[in-house]
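*Asks:* Hey, dropping work_15.cif in here, mmCIF, C-alpha atoms:
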data_coords
loop_
_atom_site.group_PDB
_atom_site.id
_atom_site.type_symbol
_atom_site.label_atom_id
_atom_site.label_comp_id
_atom_site.auth_asym_id
_atom_site.auth_seq_id
_atom_site.Cartn_x
_atom_site.Cartn_y
_atom_site.Cartn_z
ATOM 1 C CA MET O 1 -18.012 -246.752 95.996
ATOM 2 C CA ARG O 2 -21.358 -244.965 95.737
ATOM 3 C CA ARG O 3 -19.820 -241.730 96.981
ATOM 4 C CA ARG O 4 -17.079 -241.938 94.362
ATOM 5 C CA LEU O 5 -19.627 -242.319 91.544
ATOM 6 C CA THR O 6 -21.466 -239.249 92.771
ATOM 7 C CA VAL O 7 -18.272 -237.182 92.687
ATOM 8 C CA VAL O 8 -17.426 -238.393 89.180
ATOM 9 C CA SER O 9 -20.968 -237.625 87.953
ATOM 10 C CA ALA O 10 -20.887 -234.135 89.442
ATOM 11 C CA ALA O 11 -17.520 -233.468 87.810
ATOM 12 C CA ALA O 12 -18.842 -234.618 84.428
ATOM 13 C CA VAL O 13 -21.855 -232.295 84.718
ATOM 14 C CA ALA O 14 -19.653 -229.375 85.814
ATOM 15 C CA ALA O 15 -17.592 -229.757 82.628
ATOM 16 C CA VAL O 16 -20.617 -228.920 80.473
ATOM 17 C CA GLY O 17 -22.410 -225.601 80.071
ATOM 18 C CA VAL O 18 -25.292 -224.211 78.052
ATOM 19 C CA SER O 19 -25.434 -221.353 75.606
ATOM 20 C CA CYS O 20 -28.633 -221.771 73.597
ATOM 21 C CA VAL O 21 -31.873 -223.670 73.200
ATOM 22 C CA ASN O 22 -32.506 -225.706 70.058
ATOM 23 C CA LEU O 23 -36.141 -225.965 68.985
ATOM 24 C CA ARG O 24 -37.056 -229.409 67.718
ATOM 25 C CA ASP O 25 -40.773 -229.073 67.051
ATOM 26 C CA VAL O 26 -43.709 -226.681 67.234
ATOM 27 C CA VAL O 27 -47.182 -228.136 67.788
ATOM 28 C CA CYS O 28 -49.816 -225.702 66.528
ATOM 29 C CA PRO O 29 -53.465 -226.122 65.508
ATOM 30 C CA LEU O 30 -54.141 -225.819 61.780
ATOM 31 C CA GLU O 31 -57.398 -223.898 62.280
ATOM 32 C CA VAL O 32 -58.725 -221.570 64.973
ATOM 33 C CA ALA O 33 -61.936 -219.583 65.315
ATOM 34 C CA ALA O 34 -61.758 -215.826 64.767
ATOM 35 C CA GLY O 35 -61.341 -214.257 68.207
ATOM 36 C CA GLY O 36 -60.841 -217.727 69.708
ATOM 37 C CA LYS O 37 -58.128 -218.928 72.049
ATOM 38 C CA PHE O 38 -55.525 -221.501 71.062
ATOM 39 C CA GLU O 39 -52.312 -222.990 72.368
ATOM 40 C CA VAL O 40 -48.918 -223.607 70.777
ATOM 41 C CA ARG O 41 -46.379 -225.998 72.302
ATOM 42 C CA LEU O 42 -42.660 -225.665 71.565
ATOM 43 C CA VAL O 43 -40.376 -228.628 72.180
ATOM 44 C CA GLY O 44 -36.629 -228.213 72.455
ATOM 45 C CA ARG O 45 -33.376 -229.234 74.051
ATOM 46 C CA VAL O 46 -30.794 -227.068 75.746
ATOM 47 C CA ALA O 47 -27.470 -227.187 73.899
ATOM 48 C CA ALA O 48 -24.566 -228.650 75.844
ATOM 49 C CA LEU O 49 -21.223 -226.940 75.291
ATOM 50 C CA PRO O 50 -17.872 -227.068 77.099
ATOM 51 C CA ALA O 51 -18.122 -225.163 80.397
ATOM 52 C CA ALA O 52 -15.391 -222.740 79.377
ATOM 53 C CA ASP O 53 -17.630 -221.580 76.504
ATOM 54 C CA ALA O 54 -20.840 -221.278 78.497
ATOM 55 C CA ALA O 55 -20.267 -221.037 82.247
ATOM 56 C CA GLY O 56 -22.544 -218.994 84.486
ATOM 57 C CA GLU O 57 -26.236 -218.240 84.602
ATOM 58 C CA TYR O 58 -28.560 -217.737 81.635
ATOM 59 C CA TYR O 59 -32.097 -216.597 80.934
ATOM 60 C CA GLY O 60 -34.184 -218.533 78.421
ATOM 61 C CA VAL O 61 -35.554 -216.344 75.610
ATOM 62 C CA LEU O 62 -38.349 -217.045 73.100
ATOM 63 C CA ALA O 63 -39.070 -215.017 69.987
ATOM 64 C CA VAL O 64 -42.593 -215.168 68.562
ATOM 65 C CA ALA O 65 -43.603 -213.593 65.245
ATOM 66 C CA ALA O 66 -47.367 -213.350 64.848
ATOM 67 C CA PRO O 67 -49.873 -210.958 63.283
ATOM 68 C CA ALA O 68 -50.380 -207.773 65.316
ATOM 69 C CA ASP O 69 -53.984 -208.676 66.173
ATOM 70 C CA MET O 70 -52.997 -212.039 67.715
ATOM 71 C CA ASP O 71 -52.449 -211.540 71.426
ATOM 72 C CA ILE O 72 -50.167 -213.620 73.608
ATOM 73 C CA ARG O 73 -52.235 -214.256 76.734
ATOM 74 C CA GLU O 74 -49.822 -216.429 78.695
ATOM 75 C CA ALA O 75 -46.514 -218.195 78.209
ATOM 76 C CA LYS O 76 -44.824 -220.738 80.446
ATOM 77 C CA TYR O 77 -41.927 -223.166 80.293
ATOM 78 C CA ASP O 78 -41.205 -226.585 81.734
ATOM 79 C CA GLY O 79 -38.014 -228.605 81.975
ATOM 80 C CA VAL O 80 -35.452 -228.738 84.750
ATOM 81 C CA TYR O 81 -37.497 -225.889 86.270
ATOM 82 C CA SER O 82 -40.945 -224.532 85.466
ATOM 83 C CA GLY O 83 -42.317 -221.017 85.437
ATOM 84 C CA LYS O 84 -43.905 -218.204 83.482
ATOM 85 C CA LEU O 85 -42.290 -216.200 80.732
ATOM 86 C CA ALA O 86 -42.410 -212.390 80.814
ATOM 87 C CA ALA O 87 -42.604 -209.989 77.872
ATOM 88 C CA VAL O 88 -39.423 -208.076 77.012
ATOM 89 C CA ASP O 89 -39.829 -204.385 76.195
ATOM 90 C CA GLU O 90 -36.244 -203.598 75.188
ATOM 91 C CA TYR O 91 -34.478 -204.192 71.884
ATOM 92 C CA VAL O 92 -33.567 -207.808 71.175
ATOM 93 C CA PRO O 93 -31.455 -208.841 68.164
ATOM 94 C CA PRO O 94 -33.978 -210.700 65.953
ATOM 95 C CA PRO O 95 -33.392 -214.346 65.024
ATOM 96 C CA GLY O 96 -34.247 -213.687 61.358
ATOM 97 C CA GLU O 97 -36.838 -212.113 59.102
ATOM 98 C CA ALA O 98 -40.266 -211.776 60.696
ATOM 99 C CA GLU O 99 -42.293 -212.985 57.718
ATOM 100 C CA ALA O 100 -45.211 -213.595 60.047
ATOM 101 C CA GLY O 101 -45.555 -210.147 61.625
ATOM 102 C CA GLU O 102 -43.493 -208.368 64.243
ATOM 103 C CA TRP O 103 -41.201 -210.205 66.639
ATOM 104 C CA ARG O 104 -42.271 -210.324 70.268
ATOM 105 C CA TYR O 105 -39.891 -211.579 72.934
ATOM 106 C CA LEU O 106 -40.442 -213.546 76.119
ATOM 107 C CA VAL O 107 -37.874 -214.329 78.806
ATOM 108 C CA THR O 108 -37.725 -216.587 81.865
ATOM 109 C CA ARG O 109 -38.314 -214.586 85.031
ATOM 110 C CA ARG O 110 -35.140 -215.874 86.638
ATOM 111 C CA PRO O 111 -31.764 -217.109 85.429
ATOM 112 C CA PHE O 112 -30.546 -220.670 85.784
ATOM 113 C CA ALA O 113 -27.076 -222.101 86.234
ATOM 114 C CA ALA O 114 -25.830 -223.444 82.918
ATOM 115 C CA VAL O 115 -24.885 -226.823 84.381
ATOM 116 C CA GLU O 116 -28.469 -227.416 85.599
ATOM 117 C CA TRP O 117 -29.895 -227.201 82.074
ATOM 118 C CA ALA O 118 -27.084 -228.688 79.956
ATOM 119 C CA ASP O 119 -28.492 -231.167 77.424
ATOM 120 C CA ALA O 120 -31.906 -231.120 79.115
ATOM 121 C CA PRO O 121 -35.235 -231.332 77.261
ATOM 122 C CA CYS O 122 -37.547 -228.343 77.666
ATOM 123 C CA GLU O 123 -40.971 -227.192 76.528
ATOM 124 C CA ALA O 124 -42.836 -223.919 76.349
ATOM 125 C CA THR O 125 -46.566 -223.350 75.986
ATOM 126 C CA ILE O 126 -47.911 -220.114 74.572
ATOM 127 C CA LYS O 127 -51.612 -219.257 74.819
ATOM 128 C CA PHE O 128 -52.873 -216.950 72.078
ATOM 129 C CA LYS O 129 -56.090 -215.140 71.297
ATOM 130 C CA ALA O 130 -56.645 -215.057 67.533
ATOM 131 C CA GLY O 131 -57.548 -211.870 65.740
ATOM 132 C CA ARG O 132 -61.019 -211.321 64.287
ATOM 133 C CA THR O 133 -59.926 -211.193 60.639
ATOM 134 C CA PRO O 134 -60.257 -214.552 58.844
ATOM 135 C CA GLY O 135 -57.330 -215.683 56.722
ATOM 136 C CA GLU O 136 -54.200 -217.769 56.549
ATOM 137 C CA TYR O 137 -51.358 -216.630 58.792
ATOM 138 C CA ARG O 138 -47.830 -217.748 59.593
ATOM 139 C CA LEU O 139 -46.415 -217.942 63.087
ATOM 140 C CA ALA O 140 -42.657 -218.169 63.631
ATOM 141 C CA PHE O 141 -40.721 -219.189 66.737
ATOM 142 C CA ALA O 142 -37.102 -219.154 67.871
ATOM 143 C CA ALA O 143 -35.473 -219.990 71.203
ATOM 144 C CA GLY O 144 -32.201 -218.931 72.730
ATOM 145 C CA ALA O 145 -30.359 -218.011 75.891
ATOM 146 C CA ALA O 146 -28.883 -214.768 77.212
ATOM 147 C CA PRO O 147 -26.250 -214.551 79.954
ATOM 148 C CA ALA O 148 -27.400 -213.102 83.258
ATOM 149 C CA ALA O 149 -26.279 -209.560 84.033
ATOM 150 C CA GLU O 150 -27.085 -207.243 86.881
ATOM 151 C CA GLY O 151 -30.836 -206.691 86.856
ATOM 152 C CA GLY O 152 -31.723 -209.238 84.159
ATOM 153 C CA PRO O 153 -30.582 -210.844 80.913
ATOM 154 C CA ASP O 154 -27.781 -209.360 78.804
ATOM 155 C CA LEU O 155 -29.772 -209.382 75.571
ATOM 156 C CA SER O 156 -26.842 -207.952 73.594
ATOM 157 C CA ARG O 157 -25.122 -211.336 74.099
ATOM 158 C CA LEU O 158 -28.198 -213.447 73.278
ATOM 159 C CA GLU O 159 -27.522 -216.578 71.230
ATOM 160 C CA TRP O 160 -30.349 -218.041 69.175
ATOM 161 C CA GLY O 161 -30.499 -221.822 68.893
ATOM 162 C CA ARG O 162 -30.706 -223.789 65.695
ATOM 163 C CA ALA O 163 -33.455 -226.093 64.442
ATOM 164 C CA ASP O 164 -32.586 -228.162 61.377
ATOM 165 C CA GLY O 165 -29.899 -225.659 60.433
ATOM 166 C CA GLU O 166 -32.133 -222.589 60.847
ATOM 167 C CA PRO O 167 -32.721 -220.535 63.986
ATOM 168 C CA LEU O 168 -36.511 -220.527 63.679
ATOM 169 C CA ILE O 169 -39.479 -222.750 62.960
ATOM 170 C CA ALA O 170 -42.636 -221.450 61.214
ATOM 171 C CA ARG O 171 -46.139 -222.896 61.159
ATOM 172 C CA GLY O 172 -49.310 -221.892 59.329
ATOM 173 C CA VAL O 173 -52.662 -221.338 61.025
ATOM 174 C CA THR O 174 -56.020 -220.518 59.416
ATOM 175 C CA VAL O 175 -58.349 -218.175 61.269
ATOM 176 C CA LYS O 176 -61.996 -218.879 60.361
#
Take the structure in the file and give it back as structure tokens.

*Replies:*
Amino acid sequence: MRRRLTVVSAAAVAAVGVSCVNLRDVVCPLEVAAGGKFEVRLVGRVAALPAADAAGEYYGVLAVAAPADMDIREAKYDGVYSGKLAAVDEYVPPPGEAEAGEWRYLVTRRPFAAVEWADAPCEATIKFKAGRTPGEYRLAFAAGAAPAAEGGPDLSRLEWGRADGEPLIARGVTVK
């Protein structure tokens, strides 16, 4: 009987795929020191879709809009698997208006099978270094997934997730 349950469970998981990541929350400090380091935590869940719509392997993608003088020092993710995120230098379709500065994009260093991530919670942590100019700034974040292609993600087929009906979440931070 135990073996039969395992087969049924595996079949149920195989019938589900993933196509995007839905951000649920962004935890960001309200104030940071000019030139100081700070951390932002993004909390999300991988969308579960029918396997026919989202079979295969995907790369996780994060979009971060921040002032030009705010540096991203490190970014990592945790969920079914853990690892570091790498900067993307090629064109990525933006998730929306970058009211907070220019979009910067980060991608998982390896793809994952859709069925391994379907409906799974995930988190990302981004370490920033604030600029030296005091003021009030907005940071914006979006998450998504891009199908794996030869040599990396197929960013032309990237799908941004949704958070409360919008693809991005913004937070304010004051640099003092």

*Asks:* CA of Ile126 in chain O to CA of Val80 in chain O: how many Å, to one decimal?

*Replies:* 18.3 Å

*Asks:* Provide the CA of Glu136 in chain O to CA of Ala100 in chain O distance in Å, to one decimal place.

*Replies:*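 If I compute the distance from CA of Glu136 in chain O to CA of Ala100 in chain O, I get 10.5 Å.
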
*Asks:* Report as a PyMOL selection string the residues that result from applying the PyMOL selection byres ((chain O and resi 30-44) around 7) to the structure here.

*Replies:* chain O and resi 21-29+45-46+121-134+172-176

*Asks:* If I put a ball of radius 12 Å at (-22.8, -209.6, 70.8) in the file's coordinates, which residues poke into it when counting only C-alpha atoms, written as number ranges by chain?

*Replies:* O: 92-93, 146-147, 154-160

*Asks:* Pull C-alpha atoms from the residues just selected and write them as a compact mmCIF listing (two decimals), keeping the file's coordinate frame.

*Replies:*
# COMPACT_ATOMS: atom_id res chain seq x y z
CA VAL O 92 -33.57 -207.81 71.18
CA PRO O 93 -31.46 -208.84 68.16
CA ALA O 146 -28.88 -214.77 77.21
CA PRO O 147 -26.25 -214.55 79.95
CA ASP O 154 -27.78 -209.36 78.80
CA LEU O 155 -29.77 -209.38 75.57
CA SER O 156 -26.84 -207.95 73.59
CA ARG O 157 -25.12 -211.34 74.10
CA LEU O 158 -28.20 -213.45 73.28
CA GLU O 159 -27.52 -216.58 71.23
CA TRP O 160 -30.35 -218.04 69.18

*Asks:* For a quick check of understanding, using all atoms listed in the file, which of O:Ala114, O:Leu168, O:Val107, O:Ala47 has the smallest distance to Ala65 in chain O?

*Replies:*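 Counting all atoms listed in the file, the residue closest to Ala65 in chain O is O:Leu168.
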
*Asks:* Interatomic distance between CA of Glu102 in chain O and CA of Ala86 in chain O?

*Replies:*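 Going from CA of Glu102 in chain O over to CA of Ala86 in chain O, I get 17.1 Å.
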
*Asks:* Would you please work out which residue, of O:Leu106, O:Ala148, O:Pro153, O:Gly96, is nearest to Ala170 in chain O when using only C-alpha atoms?

*Replies:*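 Closest to Ala170 in chain O, using only C-alpha atoms: O:Gly96.
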
*Asks:* Nearest residue to Arg109 in chain O out of O:Met70, O:Ala75, O:Ala142, O:Ala63, using only C-alpha atoms?

*Replies:* O:Ala75
